[in-house]
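K.L.:
Before we start, here is the structure in question, set down as structure tokens.
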Amino acid sequence: MSELRYNVVTQEWVIIAPERAKRPMAFASTLPMGRLPEHDPECPFCPGNEAMASEETFRMVDARGAWLTRAVKNKYPALDEDVDPIESGDFFRTSIRGFGIHEVIIDTPRHDSCITMLSIPQLTRVLLTYRHRYLAHADDKRVKHIILFKNNGMLAGSSLVHPHSQLIASPIISHQISARLHGMQQYFEETGHCLMCDMLQRELEENQRIIYQNDKFVSFLPYAALSSYHTWIFPRRHDAHFGALSDDDLASLAEILSLILQAHEKLLGRPDFNFVVRSAPMGCPNHLYHWYVSIIPRISKTAGFEIGSNIFINTSLPEHNALELRHVVDILRGK
């Protein structure tokens with residue numbers, strides 16, 4: 001039987017319709033995985049081809065000086081950091097000049113790698129690079145919000161094969177984030193608690209949608225997951241901003257992120273996916289938000305009903321998805 005569930009974080013209704021579900025294998029990619037070279041002479045993200053990419057903003061290097069991760073300005077940016085965010089227009093025609101910062105973070109020198117193949121130390125370096133670039137722009141008074149994200153695969157919006165992530169710092173706060181902040185502020189005023197801390201505690205108590213947890217992070221499917229296998233990773237410690245993480249925190253995040261992404265890959269057959277670091281807007285009081293990571297396997301499509309109603313249809317029960325992923329994680333950990 002179908003059920004309507006309300007997601008208290010996103011403030012969105014979701015239709016849980018398990019009778020429409022197919023077996024997990026039906027979600028699997030049918031595209032053959034071609035063998036990639038370790039180095040592609042035409043790839044702007046491969047070592048030796050640095051001149052093909054835009055200006056470098058950061059790199060991590062090994063003992064020999066070879067780079068391990070790099071950050072570069074996006075060659076085709078969505079926004080332009082050389083303009084000022086001047087607002088103009090009226091009630092019906094409001095616009096802001098297209099200021100913003102758009103960077104690419106190159107996860108690894110190897111062209112034939114992917115994030116699920118990275119060791120925990122390698123993935124930790126990627127997350128350290130995320131934090132460095134986040135903090136590099138956090139004090140820019142023109143920046144209101146910073147998003148770190150990965151598009152993995154064509155269905156997820158990726159245009160280049162070489163493993164990479166992106167950062168966009170913008171002069172606006174989207175309606176999606178504003179609505180969440182409003183809900184969290186209202187909850188705090190009524191209870192004196194962080195909505196997301198309380199929700200995480202409830203998930204831990206029920207233990208129906210938990211996939212894996214370590215000493216610093218918990219991965220679970222939300223009660224009203226917007227799509228099948230949509231997974232959240234929450235820090236146990238309350239912080240509004242991703243930039244507040246310590247090196248130890250990032251190592252723990254790398255461990256749980258690696259396990260969850262590998263579990264998705266093994267269960268769903270290497271699906272394209274997005275993941276987003278959902279951090280608070282700049283200047284947001286720490287008590288009003290709780291940053292987290294959202295992982296979305298691209299195994300379903302947005303259709304007319306979703307577009308027309310902004311209500312998502314999830315064709316599987318989050319509780320069942322969590323159980324499947326938990327089982328895969330146990331196998332990956334040798335349990």
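Naming works like this for the structure tokens: A, B, ... for the chains as they're shown, residue 1 at the start of each chain, ligands 1 onward in shown order.
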Write out as a PDB file with all heavy atoms, in the first residue's frame each polymer residue whose atoms come within 12 Å of region 177-183 of chain A, counting only C-alpha atoms; drop sequence neighbours fewer than 3 positions from it.
P.N.:
```pdb
ATOM      1  N   ASN A   7       8.957  14.885   4.866  1.00  0.00           N
ATOM      2  CA  ASN A   7      10.363  15.025   5.245  1.00  0.00           C
ATOM      3  C   ASN A   7      10.517  16.339   6.002  1.00  0.00           C
ATOM      4  O   ASN A   7      10.382  17.421   5.418  1.00  0.00           O
ATOM      5  CB  ASN A   7      11.241  15.013   3.982  1.00  0.00           C
ATOM      6  CG  ASN A   7      12.713  14.924   4.300  1.00  0.00           C
ATOM      7  OD1 ASN A   7      13.207  15.647   5.147  1.00  0.00           O
ATOM      8  ND2 ASN A   7      13.414  14.054   3.600  1.00  0.00           N
ATOM      9  N   VAL A   8      10.791  16.259   7.309  1.00  0.00           N
ATOM     10  CA  VAL A   8      10.819  17.471   8.132  1.00  0.00           C
ATOM     11  C   VAL A   8      12.008  18.359   7.830  1.00  0.00           C
ATOM     12  O   VAL A   8      11.991  19.554   8.138  1.00  0.00           O
ATOM     13  CB  VAL A   8      10.813  17.126   9.649  1.00  0.00           C
ATOM     14  CG1 VAL A   8       9.527  16.442  10.037  1.00  0.00           C
ATOM     15  CG2 VAL A   8      12.033  16.293  10.034  1.00  0.00           C
ATOM     16  N   VAL A   9      13.068  17.818   7.225  1.00  0.00           N
ATOM     17  CA  VAL A   9      14.239  18.623   6.885  1.00  0.00           C
ATOM     18  C   VAL A   9      14.012  19.376   5.582  1.00  0.00           C
ATOM     19  O   VAL A   9      14.190  20.592   5.495  1.00  0.00           O
ATOM     20  CB  VAL A   9      15.502  17.747   6.790  1.00  0.00           C
ATOM     21  CG1 VAL A   9      16.686  18.568   6.285  1.00  0.00           C
ATOM     22  CG2 VAL A   9      15.825  17.150   8.155  1.00  0.00           C
ATOM     23  N   THR A  10      13.616  18.652   4.534  1.00  0.00           N
ATOM     24  CA  THR A  10      13.426  19.291   3.232  1.00  0.00           C
ATOM     25  C   THR A  10      12.072  19.976   3.118  1.00  0.00           C
ATOM     26  O   THR A  10      11.840  20.752   2.194  1.00  0.00           O
ATOM     27  CB  THR A  10      13.554  18.267   2.090  1.00  0.00           C
ATOM     28  OG1 THR A  10      12.460  17.340   2.163  1.00  0.00           O
ATOM     29  CG2 THR A  10      14.870  17.509   2.189  1.00  0.00           C
ATOM     30  N   GLN A  11      11.150  19.680   4.058  1.00  0.00           N
ATOM     31  CA  GLN A  11       9.783  20.205   4.046  1.00  0.00           C
ATOM     32  C   GLN A  11       9.065  19.838   2.750  1.00  0.00           C
ATOM     33  O   GLN A  11       8.369  20.653   2.144  1.00  0.00           O
ATOM     34  CB  GLN A  11       9.781  21.719   4.267  1.00  0.00           C
ATOM     35  CG  GLN A  11      10.380  22.127   5.605  1.00  0.00           C
ATOM     36  CD  GLN A  11      10.230  23.586   5.894  1.00  0.00           C
ATOM     37  OE1 GLN A  11       9.151  24.163   5.781  1.00  0.00           O
ATOM     38  NE2 GLN A  11      11.324  24.224   6.264  1.00  0.00           N
ATOM     39  N   GLU A  12       9.240  18.584   2.340  1.00  0.00           N
ATOM     40  CA  GLU A  12       8.625  18.091   1.116  1.00  0.00           C
ATOM     41  C   GLU A  12       7.867  16.795   1.416  1.00  0.00           C
ATOM     42  O   GLU A  12       8.295  15.990   2.242  1.00  0.00           O
ATOM     43  CB  GLU A  12       9.686  17.823   0.043  1.00  0.00           C
ATOM     44  CG  GLU A  12      10.380  19.089  -0.448  1.00  0.00           C
ATOM     45  CD  GLU A  12      11.597  18.789  -1.292  1.00  0.00           C
ATOM     46  OE1 GLU A  12      12.476  18.048  -0.805  1.00  0.00           O
ATOM     47  OE2 GLU A  12      11.673  19.292  -2.417  1.00  0.00           O
ATOM     48  N   LYS A 144      27.290  34.192  -0.126  1.00  0.00           N
ATOM     49  CA  LYS A 144      26.238  33.870   0.836  1.00  0.00           C
ATOM     50  C   LYS A 144      26.124  32.372   1.097  1.00  0.00           C
ATOM     51  O   LYS A 144      25.666  31.960   2.155  1.00  0.00           O
ATOM     52  CB  LYS A 144      24.888  34.386   0.326  1.00  0.00           C
ATOM     53  CG  LYS A 144      24.850  35.881   0.048  1.00  0.00           C
ATOM     54  CD  LYS A 144      25.173  36.696   1.282  1.00  0.00           C
ATOM     55  CE  LYS A 144      25.060  38.185   0.976  1.00  0.00           C
ATOM     56  NZ  LYS A 144      25.544  39.015   2.124  1.00  0.00           N
ATOM     57  N   HIS A 145      26.530  31.552   0.126  1.00  0.00           N
ATOM     58  CA  HIS A 145      26.388  30.109   0.292  1.00  0.00           C
ATOM     59  C   HIS A 145      27.432  29.392  -0.554  1.00  0.00           C
ATOM     60  O   HIS A 145      27.759  29.838  -1.664  1.00  0.00           O
ATOM     61  CB  HIS A 145      24.992  29.657  -0.125  1.00  0.00           C
ATOM     62  CG  HIS A 145      24.652  28.275   0.322  1.00  0.00           C
ATOM     63  ND1 HIS A 145      23.921  27.376  -0.434  1.00  0.00           N
ATOM     64  CD2 HIS A 145      24.937  27.603   1.471  1.00  0.00           C
ATOM     65  CE1 HIS A 145      23.777  26.243   0.221  1.00  0.00           C
ATOM     66  NE2 HIS A 145      24.382  26.361   1.386  1.00  0.00           N
ATOM     67  N   ILE A 146      27.974  28.293  -0.021  1.00  0.00           N
ATOM     68  CA  ILE A 146      28.967  27.478  -0.724  1.00  0.00           C
ATOM     69  C   ILE A 146      28.446  26.050  -0.813  1.00  0.00           C
ATOM     70  O   ILE A 146      28.049  25.466   0.198  1.00  0.00           O
ATOM     71  CB  ILE A 146      30.332  27.491   0.005  1.00  0.00           C
ATOM     72  CG1 ILE A 146      30.912  28.924   0.040  1.00  0.00           C
ATOM     73  CG2 ILE A 146      31.316  26.542  -0.677  1.00  0.00           C
ATOM     74  CD1 ILE A 146      32.178  29.045   0.873  1.00  0.00           C
ATOM     75  N   ILE A 147      28.467  25.503  -2.010  1.00  0.00           N
ATOM     76  CA  ILE A 147      28.047  24.119  -2.241  1.00  0.00           C
ATOM     77  C   ILE A 147      29.224  23.332  -2.790  1.00  0.00           C
ATOM     78  O   ILE A 147      29.873  23.751  -3.754  1.00  0.00           O
ATOM     79  CB  ILE A 147      26.870  24.048  -3.238  1.00  0.00           C
ATOM     80  CG1 ILE A 147      25.663  24.800  -2.692  1.00  0.00           C
ATOM     81  CG2 ILE A 147      26.497  22.596  -3.514  1.00  0.00           C
ATOM     82  CD1 ILE A 147      24.498  24.859  -3.670  1.00  0.00           C
ATOM     83  N   ILE A 172      23.688  34.325  -3.404  1.00  0.00           N
ATOM     84  CA  ILE A 172      22.289  34.173  -2.997  1.00  0.00           C
ATOM     85  C   ILE A 172      22.121  32.926  -2.135  1.00  0.00           C
ATOM     86  O   ILE A 172      22.958  32.030  -2.150  1.00  0.00           O
ATOM     87  CB  ILE A 172      21.342  34.077  -4.215  1.00  0.00           C
ATOM     88  CG1 ILE A 172      21.699  32.867  -5.086  1.00  0.00           C
ATOM     89  CG2 ILE A 172      21.364  35.377  -5.026  1.00  0.00           C
ATOM     90  CD1 ILE A 172      20.696  32.545  -6.159  1.00  0.00           C
ATOM     91  N   ILE A 173      21.021  32.882  -1.429  1.00  0.00           N
ATOM     92  CA  ILE A 173      20.595  31.689  -0.694  1.00  0.00           C
ATOM     93  C   ILE A 173      19.326  31.199  -1.363  1.00  0.00           C
ATOM     94  O   ILE A 173      18.347  31.939  -1.463  1.00  0.00           O
ATOM     95  CB  ILE A 173      20.344  32.004   0.790  1.00  0.00           C
ATOM     96  CG1 ILE A 173      21.616  32.540   1.447  1.00  0.00           C
ATOM     97  CG2 ILE A 173      19.857  30.772   1.530  1.00  0.00           C
ATOM     98  CD1 ILE A 173      21.403  33.086   2.850  1.00  0.00           C
ATOM     99  N   SER A 174      19.340  29.984  -1.846  1.00  0.00           N
ATOM    100  CA  SER A 174      18.206  29.468  -2.618  1.00  0.00           C
ATOM    101  C   SER A 174      16.970  29.329  -1.739  1.00  0.00           C
ATOM    102  O   SER A 174      17.046  29.255  -0.506  1.00  0.00           O
ATOM    103  CB  SER A 174      18.553  28.110  -3.228  1.00  0.00           C
ATOM    104  OG  SER A 174      18.632  27.122  -2.216  1.00  0.00           O
ATOM    105  N   GLN A 186      12.033  27.717  13.404  1.00  0.00           N
ATOM    106  CA  GLN A 186      10.747  27.549  14.080  1.00  0.00           C
ATOM    107  C   GLN A 186      10.812  26.413  15.104  1.00  0.00           C
ATOM    108  O   GLN A 186      10.312  26.544  16.234  1.00  0.00           O
ATOM    109  CB  GLN A 186       9.658  27.279  13.040  1.00  0.00           C
ATOM    110  CG  GLN A 186       8.253  27.263  13.594  1.00  0.00           C
ATOM    111  CD  GLN A 186       7.218  27.115  12.501  1.00  0.00           C
ATOM    112  OE1 GLN A 186       7.426  26.437  11.494  1.00  0.00           O
ATOM    113  NE2 GLN A 186       6.080  27.763  12.683  1.00  0.00           N
ATOM    114  N   TYR A 187      11.448  25.304  14.728  1.00  0.00           N
ATOM    115  CA  TYR A 187      11.571  24.168  15.645  1.00  0.00           C
ATOM    116  C   TYR A 187      12.413  24.556  16.861  1.00  0.00           C
ATOM    117  O   TYR A 187      12.072  24.200  18.008  1.00  0.00           O
ATOM    118  CB  TYR A 187      12.204  22.987  14.917  1.00  0.00           C
ATOM    119  CG  TYR A 187      12.287  21.714  15.731  1.00  0.00           C
ATOM    120  CD1 TYR A 187      11.206  20.839  15.796  1.00  0.00           C
ATOM    121  CD2 TYR A 187      13.450  21.389  16.435  1.00  0.00           C
ATOM    122  CE1 TYR A 187      11.271  19.673  16.553  1.00  0.00           C
ATOM    123  CE2 TYR A 187      13.519  20.225  17.190  1.00  0.00           C
ATOM    124  CZ  TYR A 187      12.432  19.380  17.247  1.00  0.00           C
ATOM    125  OH  TYR A 187      12.517  18.234  17.983  1.00  0.00           O
ATOM    126  N   PHE A 188      13.501  25.295  16.628  1.00  0.00           N
ATOM    127  CA  PHE A 188      14.369  25.702  17.737  1.00  0.00           C
ATOM    128  C   PHE A 188      13.630  26.632  18.689  1.00  0.00           C
ATOM    129  O   PHE A 188      13.761  26.514  19.918  1.00  0.00           O
ATOM    130  CB  PHE A 188      15.628  26.391  17.203  1.00  0.00           C
ATOM    131  CG  PHE A 188      16.608  26.768  18.275  1.00  0.00           C
ATOM    132  CD1 PHE A 188      17.518  25.851  18.767  1.00  0.00           C
ATOM    133  CD2 PHE A 188      16.599  28.054  18.814  1.00  0.00           C
ATOM    134  CE1 PHE A 188      18.416  26.201  19.769  1.00  0.00           C
ATOM    135  CE2 PHE A 188      17.493  28.410  19.819  1.00  0.00           C
ATOM    136  CZ  PHE A 188      18.403  27.474  20.289  1.00  0.00           C
ATOM    137  N   GLU A 189      12.841  27.547  18.138  1.00  0.00           N
ATOM    138  CA  GLU A 189      12.095  28.482  18.998  1.00  0.00           C
ATOM    139  C   GLU A 189      11.063  27.751  19.850  1.00  0.00           C
ATOM    140  O   GLU A 189      10.789  28.146  20.975  1.00  0.00           O
ATOM    141  CB  GLU A 189      11.421  29.537  18.116  1.00  0.00           C
ATOM    142  CG  GLU A 189      12.411  30.523  17.501  1.00  0.00           C
ATOM    143  CD  GLU A 189      11.766  31.458  16.485  1.00  0.00           C
ATOM    144  OE1 GLU A 189      10.562  31.257  16.188  1.00  0.00           O
ATOM    145  OE2 GLU A 189      12.460  32.359  15.991  1.00  0.00           O
ATOM    146  N   GLU A 190      10.504  26.660  19.314  1.00  0.00           N
ATOM    147  CA  GLU A 190       9.475  25.920  20.043  1.00  0.00           C
ATOM    148  C   GLU A 190      10.063  24.931  21.050  1.00  0.00           C
ATOM    149  O   GLU A 190       9.442  24.660  22.085  1.00  0.00           O
ATOM    150  CB  GLU A 190       8.595  25.161  19.049  1.00  0.00           C
ATOM    151  CG  GLU A 190       7.744  26.071  18.167  1.00  0.00           C
ATOM    152  CD  GLU A 190       6.990  25.313  17.089  1.00  0.00           C
ATOM    153  OE1 GLU A 190       7.191  24.065  17.001  1.00  0.00           O
ATOM    154  OE2 GLU A 190       6.227  25.927  16.331  1.00  0.00           O
ATOM    155  N   CYS A 194      18.025  21.539  18.220  1.00  0.00           N
ATOM    156  CA  CYS A 194      18.263  21.440  16.779  1.00  0.00           C
ATOM    157  C   CYS A 194      17.359  20.357  16.200  1.00  0.00           C
ATOM    158  O   CYS A 194      17.366  19.219  16.688  1.00  0.00           O
ATOM    159  CB  CYS A 194      19.732  21.108  16.506  1.00  0.00           C
ATOM    160  SG  CYS A 194      20.079  20.556  14.814  1.00  0.00           S
ATOM    161  N   LEU A 195      16.584  20.694  15.189  1.00  0.00           N
ATOM    162  CA  LEU A 195      15.670  19.734  14.565  1.00  0.00           C
ATOM    163  C   LEU A 195      16.429  18.507  14.068  1.00  0.00           C
ATOM    164  O   LEU A 195      15.988  17.366  14.244  1.00  0.00           O
ATOM    165  CB  LEU A 195      14.931  20.415  13.418  1.00  0.00           C
ATOM    166  CG  LEU A 195      13.908  19.600  12.631  1.00  0.00           C
ATOM    167  CD1 LEU A 195      12.829  20.506  12.065  1.00  0.00           C
ATOM    168  CD2 LEU A 195      14.560  18.830  11.482  1.00  0.00           C
ATOM    169  N   MET A 196      17.595  18.721  13.466  1.00  0.00           N
ATOM    170  CA  MET A 196      18.321  17.622  12.840  1.00  0.00           C
ATOM    171  C   MET A 196      19.020  16.756  13.883  1.00  0.00           C
ATOM    172  O   MET A 196      19.147  15.546  13.702  1.00  0.00           O
ATOM    173  CB  MET A 196      19.271  18.170  11.786  1.00  0.00           C
ATOM    174  CG  MET A 196      18.482  18.860  10.657  1.00  0.00           C
ATOM    175  SD  MET A 196      19.468  19.911   9.607  1.00  0.00           S
ATOM    176  CE  MET A 196      20.121  18.728   8.454  1.00  0.00           C
ATOM    177  N   ALA A 240      27.046  23.748  12.121  1.00  0.00           N
ATOM    178  CA  ALA A 240      26.303  24.246  10.968  1.00  0.00           C
ATOM    179  C   ALA A 240      27.148  24.221   9.706  1.00  0.00           C
ATOM    180  O   ALA A 240      26.623  24.067   8.607  1.00  0.00           O
ATOM    181  CB  ALA A 240      25.811  25.670  11.240  1.00  0.00           C
ATOM    182  N   ARG A 278      25.924  19.512   2.195  1.00  0.00           N
ATOM    183  CA  ARG A 278      24.893  20.510   2.471  1.00  0.00           C
ATOM    184  C   ARG A 278      25.268  21.271   3.750  1.00  0.00           C
ATOM    185  O   ARG A 278      24.946  20.847   4.862  1.00  0.00           O
ATOM    186  CB  ARG A 278      23.526  19.843   2.607  1.00  0.00           C
ATOM    187  CG  ARG A 278      23.032  19.222   1.302  1.00  0.00           C
ATOM    188  CD  ARG A 278      21.582  18.818   1.400  1.00  0.00           C
ATOM    189  NE  ARG A 278      21.040  18.345   0.143  1.00  0.00           N
ATOM    190  CZ  ARG A 278      20.554  19.122  -0.818  1.00  0.00           C
ATOM    191  NH1 ARG A 278      20.567  20.432  -0.660  1.00  0.00           N
ATOM    192  NH2 ARG A 278      20.059  18.606  -1.926  1.00  0.00           N
ATOM    193  N   SER A 279      25.949  22.388   3.546  1.00  0.00           N
ATOM    194  CA  SER A 279      26.411  23.217   4.654  1.00  0.00           C
ATOM    195  C   SER A 279      25.537  24.453   4.771  1.00  0.00           C
ATOM    196  O   SER A 279      24.842  24.831   3.823  1.00  0.00           O
ATOM    197  CB  SER A 279      27.876  23.615   4.412  1.00  0.00           C
ATOM    198  OG  SER A 279      28.427  24.241   5.546  1.00  0.00           O
ATOM    199  N   ALA A 280      25.584  25.092   5.930  1.00  0.00           N
ATOM    200  CA  ALA A 280      24.764  26.278   6.170  1.00  0.00           C
ATOM    201  C   ALA A 280      25.256  27.466   5.346  1.00  0.00           C
ATOM    202  O   ALA A 280      26.437  27.537   4.973  1.00  0.00           O
ATOM    203  CB  ALA A 280      24.792  26.636   7.648  1.00  0.00           C
ATOM    204  N   PRO A 281      24.383  28.427   5.075  1.00  0.00           N
ATOM    205  CA  PRO A 281      24.824  29.672   4.452  1.00  0.00           C
ATOM    206  C   PRO A 281      25.831  30.389   5.344  1.00  0.00           C
ATOM    207  O   PRO A 281      25.884  30.177   6.562  1.00  0.00           O
ATOM    208  CB  PRO A 281      23.530  30.482   4.322  1.00  0.00           C
ATOM    209  CG  PRO A 281      22.435  29.479   4.381  1.00  0.00           C
ATOM    210  CD  PRO A 281      22.934  28.390   5.281  1.00  0.00           C
ATOM    211  N   MET A 282      26.619  31.248   4.737  1.00  0.00           N
ATOM    212  CA  MET A 282      27.593  32.025   5.487  1.00  0.00           C
ATOM    213  C   MET A 282      26.854  32.916   6.505  1.00  0.00           C
ATOM    214  O   MET A 282      25.819  33.497   6.205  1.00  0.00           O
ATOM    215  CB  MET A 282      28.408  32.920   4.549  1.00  0.00           C
ATOM    216  CG  MET A 282      29.118  32.176   3.424  1.00  0.00           C
ATOM    217  SD  MET A 282      30.278  30.904   4.001  1.00  0.00           S
ATOM    218  CE  MET A 282      29.328  29.415   3.767  1.00  0.00           C
ATOM    219  N   CYS A 284      25.228  32.017   9.082  1.00  0.00           N
ATOM    220  CA  CYS A 284      24.107  31.367   9.761  1.00  0.00           C
ATOM    221  C   CYS A 284      24.516  31.022  11.190  1.00  0.00           C
ATOM    222  O   CYS A 284      25.575  30.423  11.411  1.00  0.00           O
ATOM    223  CB  CYS A 284      23.713  30.098   9.008  1.00  0.00           C
ATOM    224  SG  CYS A 284      22.443  29.104   9.830  1.00  0.00           S
ATOM    225  N   PRO A 285      23.722  31.380  12.184  1.00  0.00           N
ATOM    226  CA  PRO A 285      24.046  31.002  13.568  1.00  0.00           C
ATOM    227  C   PRO A 285      24.210  29.489  13.687  1.00  0.00           C
ATOM    228  O   PRO A 285      23.435  28.724  13.093  1.00  0.00           O
ATOM    229  CB  PRO A 285      22.837  31.501  14.364  1.00  0.00           C
ATOM    230  CG  PRO A 285      22.259  32.587  13.528  1.00  0.00           C
ATOM    231  CD  PRO A 285      22.477  32.175  12.111  1.00  0.00           C
ATOM    232  N   ASN A 286      25.186  29.070  14.453  1.00  0.00           N
ATOM    233  CA  ASN A 286      25.524  27.641  14.502  1.00  0.00           C
ATOM    234  C   ASN A 286      24.367  26.778  14.987  1.00  0.00           C
ATOM    235  O   ASN A 286      24.218  25.634  14.557  1.00  0.00           O
ATOM    236  CB  ASN A 286      26.741  27.424  15.409  1.00  0.00           C
ATOM    237  CG  ASN A 286      27.346  26.043  15.220  1.00  0.00           C
ATOM    238  OD1 ASN A 286      27.727  25.664  14.111  1.00  0.00           O
ATOM    239  ND2 ASN A 286      27.421  25.279  16.298  1.00  0.00           N
ATOM    240  N   HIS A 287      23.501  27.317  15.851  1.00  0.00           N
ATOM    241  CA  HIS A 287      22.433  26.492  16.418  1.00  0.00           C
ATOM    242  C   HIS A 287      21.288  26.234  15.435  1.00  0.00           C
ATOM    243  O   HIS A 287      20.446  25.376  15.684  1.00  0.00           O
ATOM    244  CB  HIS A 287      21.878  27.138  17.692  1.00  0.00           C
ATOM    245  CG  HIS A 287      21.132  28.418  17.456  1.00  0.00           C
ATOM    246  ND1 HIS A 287      21.776  29.639  17.368  1.00  0.00           N
ATOM    247  CD2 HIS A 287      19.799  28.678  17.275  1.00  0.00           C
ATOM    248  CE1 HIS A 287      20.888  30.589  17.155  1.00  0.00           C
ATOM    249  NE2 HIS A 287      19.687  30.033  17.093  1.00  0.00           N
ATOM    250  N   LEU A 288      21.264  26.951  14.298  1.00  0.00           N
ATOM    251  CA  LEU A 288      20.110  26.876  13.408  1.00  0.00           C
ATOM    252  C   LEU A 288      20.261  25.867  12.266  1.00  0.00           C
ATOM    253  O   LEU A 288      19.328  25.691  11.493  1.00  0.00           O
ATOM    254  CB  LEU A 288      19.820  28.251  12.801  1.00  0.00           C
ATOM    255  CG  LEU A 288      19.116  29.259  13.695  1.00  0.00           C
ATOM    256  CD1 LEU A 288      18.739  30.492  12.900  1.00  0.00           C
ATOM    257  CD2 LEU A 288      17.875  28.647  14.342  1.00  0.00           C
ATOM    258  N   TYR A 289      21.391  25.228  12.160  1.00  0.00           N
ATOM    259  CA  TYR A 289      21.571  24.311  11.035  1.00  0.00           C
ATOM    260  C   TYR A 289      22.498  23.186  11.462  1.00  0.00           C
ATOM    261  O   TYR A 289      23.245  23.323  12.439  1.00  0.00           O
ATOM    262  CB  TYR A 289      22.148  25.059   9.826  1.00  0.00           C
ATOM    263  CG  TYR A 289      21.981  24.347   8.493  1.00  0.00           C
ATOM    264  CD1 TYR A 289      20.809  24.458   7.764  1.00  0.00           C
ATOM    265  CD2 TYR A 289      23.008  23.562   7.961  1.00  0.00           C
ATOM    266  CE1 TYR A 289      20.649  23.815   6.544  1.00  0.00           C
ATOM    267  CE2 TYR A 289      22.859  22.913   6.746  1.00  0.00           C
ATOM    268  CZ  TYR A 289      21.675  23.044   6.042  1.00  0.00           C
ATOM    269  OH  TYR A 289      21.522  22.395   4.845  1.00  0.00           O
ATOM    270  N   HIS A 290      22.474  22.091  10.726  1.00  0.00           N
ATOM    271  CA  HIS A 290      23.298  20.926  11.017  1.00  0.00           C
ATOM    272  C   HIS A 290      23.737  20.393   9.647  1.00  0.00           C
ATOM    273  O   HIS A 290      22.920  19.851   8.903  1.00  0.00           O
ATOM    274  CB  HIS A 290      22.435  19.891  11.764  1.00  0.00           C
ATOM    275  CG  HIS A 290      23.197  18.761  12.370  1.00  0.00           C
ATOM    276  ND1 HIS A 290      23.159  18.472  13.712  1.00  0.00           N
ATOM    277  CD2 HIS A 290      23.999  17.819  11.814  1.00  0.00           C
ATOM    278  CE1 HIS A 290      23.898  17.404  13.972  1.00  0.00           C
ATOM    279  NE2 HIS A 290      24.419  16.981  12.820  1.00  0.00           N
ATOM    280  N   TRP A 291      25.000  20.582   9.303  1.00  0.00           N
ATOM    281  CA  TRP A 291      25.447  20.213   7.959  1.00  0.00           C
ATOM    282  C   TRP A 291      25.414  18.685   7.796  1.00  0.00           C
ATOM    283  O   TRP A 291      25.492  17.930   8.765  1.00  0.00           O
ATOM    284  CB  TRP A 291      26.856  20.759   7.683  1.00  0.00           C
ATOM    285  CG  TRP A 291      27.951  19.922   8.287  1.00  0.00           C
ATOM    286  CD1 TRP A 291      28.507  20.048   9.519  1.00  0.00           C
ATOM    287  CD2 TRP A 291      28.586  18.798   7.673  1.00  0.00           C
ATOM    288  NE1 TRP A 291      29.449  19.079   9.720  1.00  0.00           N
ATOM    289  CE2 TRP A 291      29.525  18.293   8.603  1.00  0.00           C
ATOM    290  CE3 TRP A 291      28.467  18.172   6.434  1.00  0.00           C
ATOM    291  CZ2 TRP A 291      30.332  17.187   8.325  1.00  0.00           C
ATOM    292  CZ3 TRP A 291      29.261  17.071   6.164  1.00  0.00           C
ATOM    293  CH2 TRP A 291      30.190  16.593   7.104  1.00  0.00           C
TER     294      TRP A 291
END
```
K.L.:
Would you pick out the contacts of region 269-273 of chain A at 6 Å or less, using only C-alpha atoms, so that residues sharing its chain but fewer than 4 positions from it are not included, and give the list as a list in words?
P.N.:
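Returned residues: Ala28, Ser29, Asn152, Gly153, Leu155, Ala156, Glu265, Ile296, Pro297 and Arg298 of chain A.
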K.L.:
Those residues with N, CA and C atoms, as a short mmCIF file (atom, residue, chain, number, x, y, z; two decimals), in the first residue's frame please?
P.N.:
```cif
data_model
loop_
_atom_site.label_atom_id
_atom_site.label_comp_id
_atom_site.auth_asym_id
_atom_site.auth_seq_id
_atom_site.Cartn_x
_atom_site.Cartn_y
_atom_site.Cartn_z
N ALA A 28 20.17 -1.59 -12.14
CA ALA A 28 21.58 -1.64 -12.49
C ALA A 28 21.82 -1.07 -13.87
N SER A 29 22.98 -0.45 -14.01
CA SER A 29 23.37 0.08 -15.31
C SER A 29 23.61 -1.06 -16.29
N ASN A 152 28.73 12.21 -10.75
CA ASN A 152 29.45 11.02 -11.19
C ASN A 152 28.64 10.29 -12.27
N GLY A 153 29.05 10.44 -13.51
CA GLY A 153 28.36 9.78 -14.61
C GLY A 153 27.48 10.73 -15.40
N LEU A 155 24.31 10.58 -16.38
CA LEU A 155 22.98 10.86 -15.87
C LEU A 155 23.01 11.83 -14.69
N ALA A 156 24.18 11.94 -14.05
CA ALA A 156 24.33 12.84 -12.92
C ALA A 156 24.84 14.21 -13.34
N GLU A 265 27.33 1.04 -5.17
CA GLU A 265 27.90 0.51 -6.40
C GLU A 265 27.64 -0.99 -6.53
N ILE A 296 22.71 10.70 -3.82
CA ILE A 296 21.52 10.38 -4.62
C ILE A 296 21.91 9.52 -5.82
N PRO A 297 21.69 8.20 -5.76
CA PRO A 297 21.89 7.37 -6.96
C PRO A 297 20.87 7.76 -8.03
N ARG A 298 21.32 7.90 -9.27
CA ARG A 298 20.42 8.34 -10.34
C ARG A 298 19.80 7.13 -11.02
#
```
K.L.:
Neighbours of Leu204 (chain A) within 12 Å (only C-alpha atoms; same-chain residues fewer than 2 positions away dropped), as a list of chain:residue names?
P.N.:
A:Cys197, A:Asp198, A:Met199, A:Leu200, A:Gln201, A:Arg202, A:Glu206, A:Asn207, A:Gln208, A:Arg209, A:Ile210, A:Ile211, A:Tyr212, A:Gln213, A:Phe217, A:Val218, A:Ser219, A:Phe220, A:Leu221, A:Pro222, A:Phe234, A:Arg236
K.L.:
So the first atom is CA of Leu68 (chain A) and the second is CA of Ala138 (chain A); what is the distance between them in Å, to one decimal place?
P.N.:
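Between these atoms lies a distance of 23.8 Å.
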K.L.:
To test your reading of the structure, identify every residue in region 53-237 of chain A that backbone DSSP assigns to strand (DSSP E or B), and report it as a VMD selection string.
P.N.:
chain A and resid 56 to 61 67 to 73 80 87 to 89 94 to 96 99 101 to 106 145 to 152 164 to 170 210 to 213 217 to 220 231 to 235
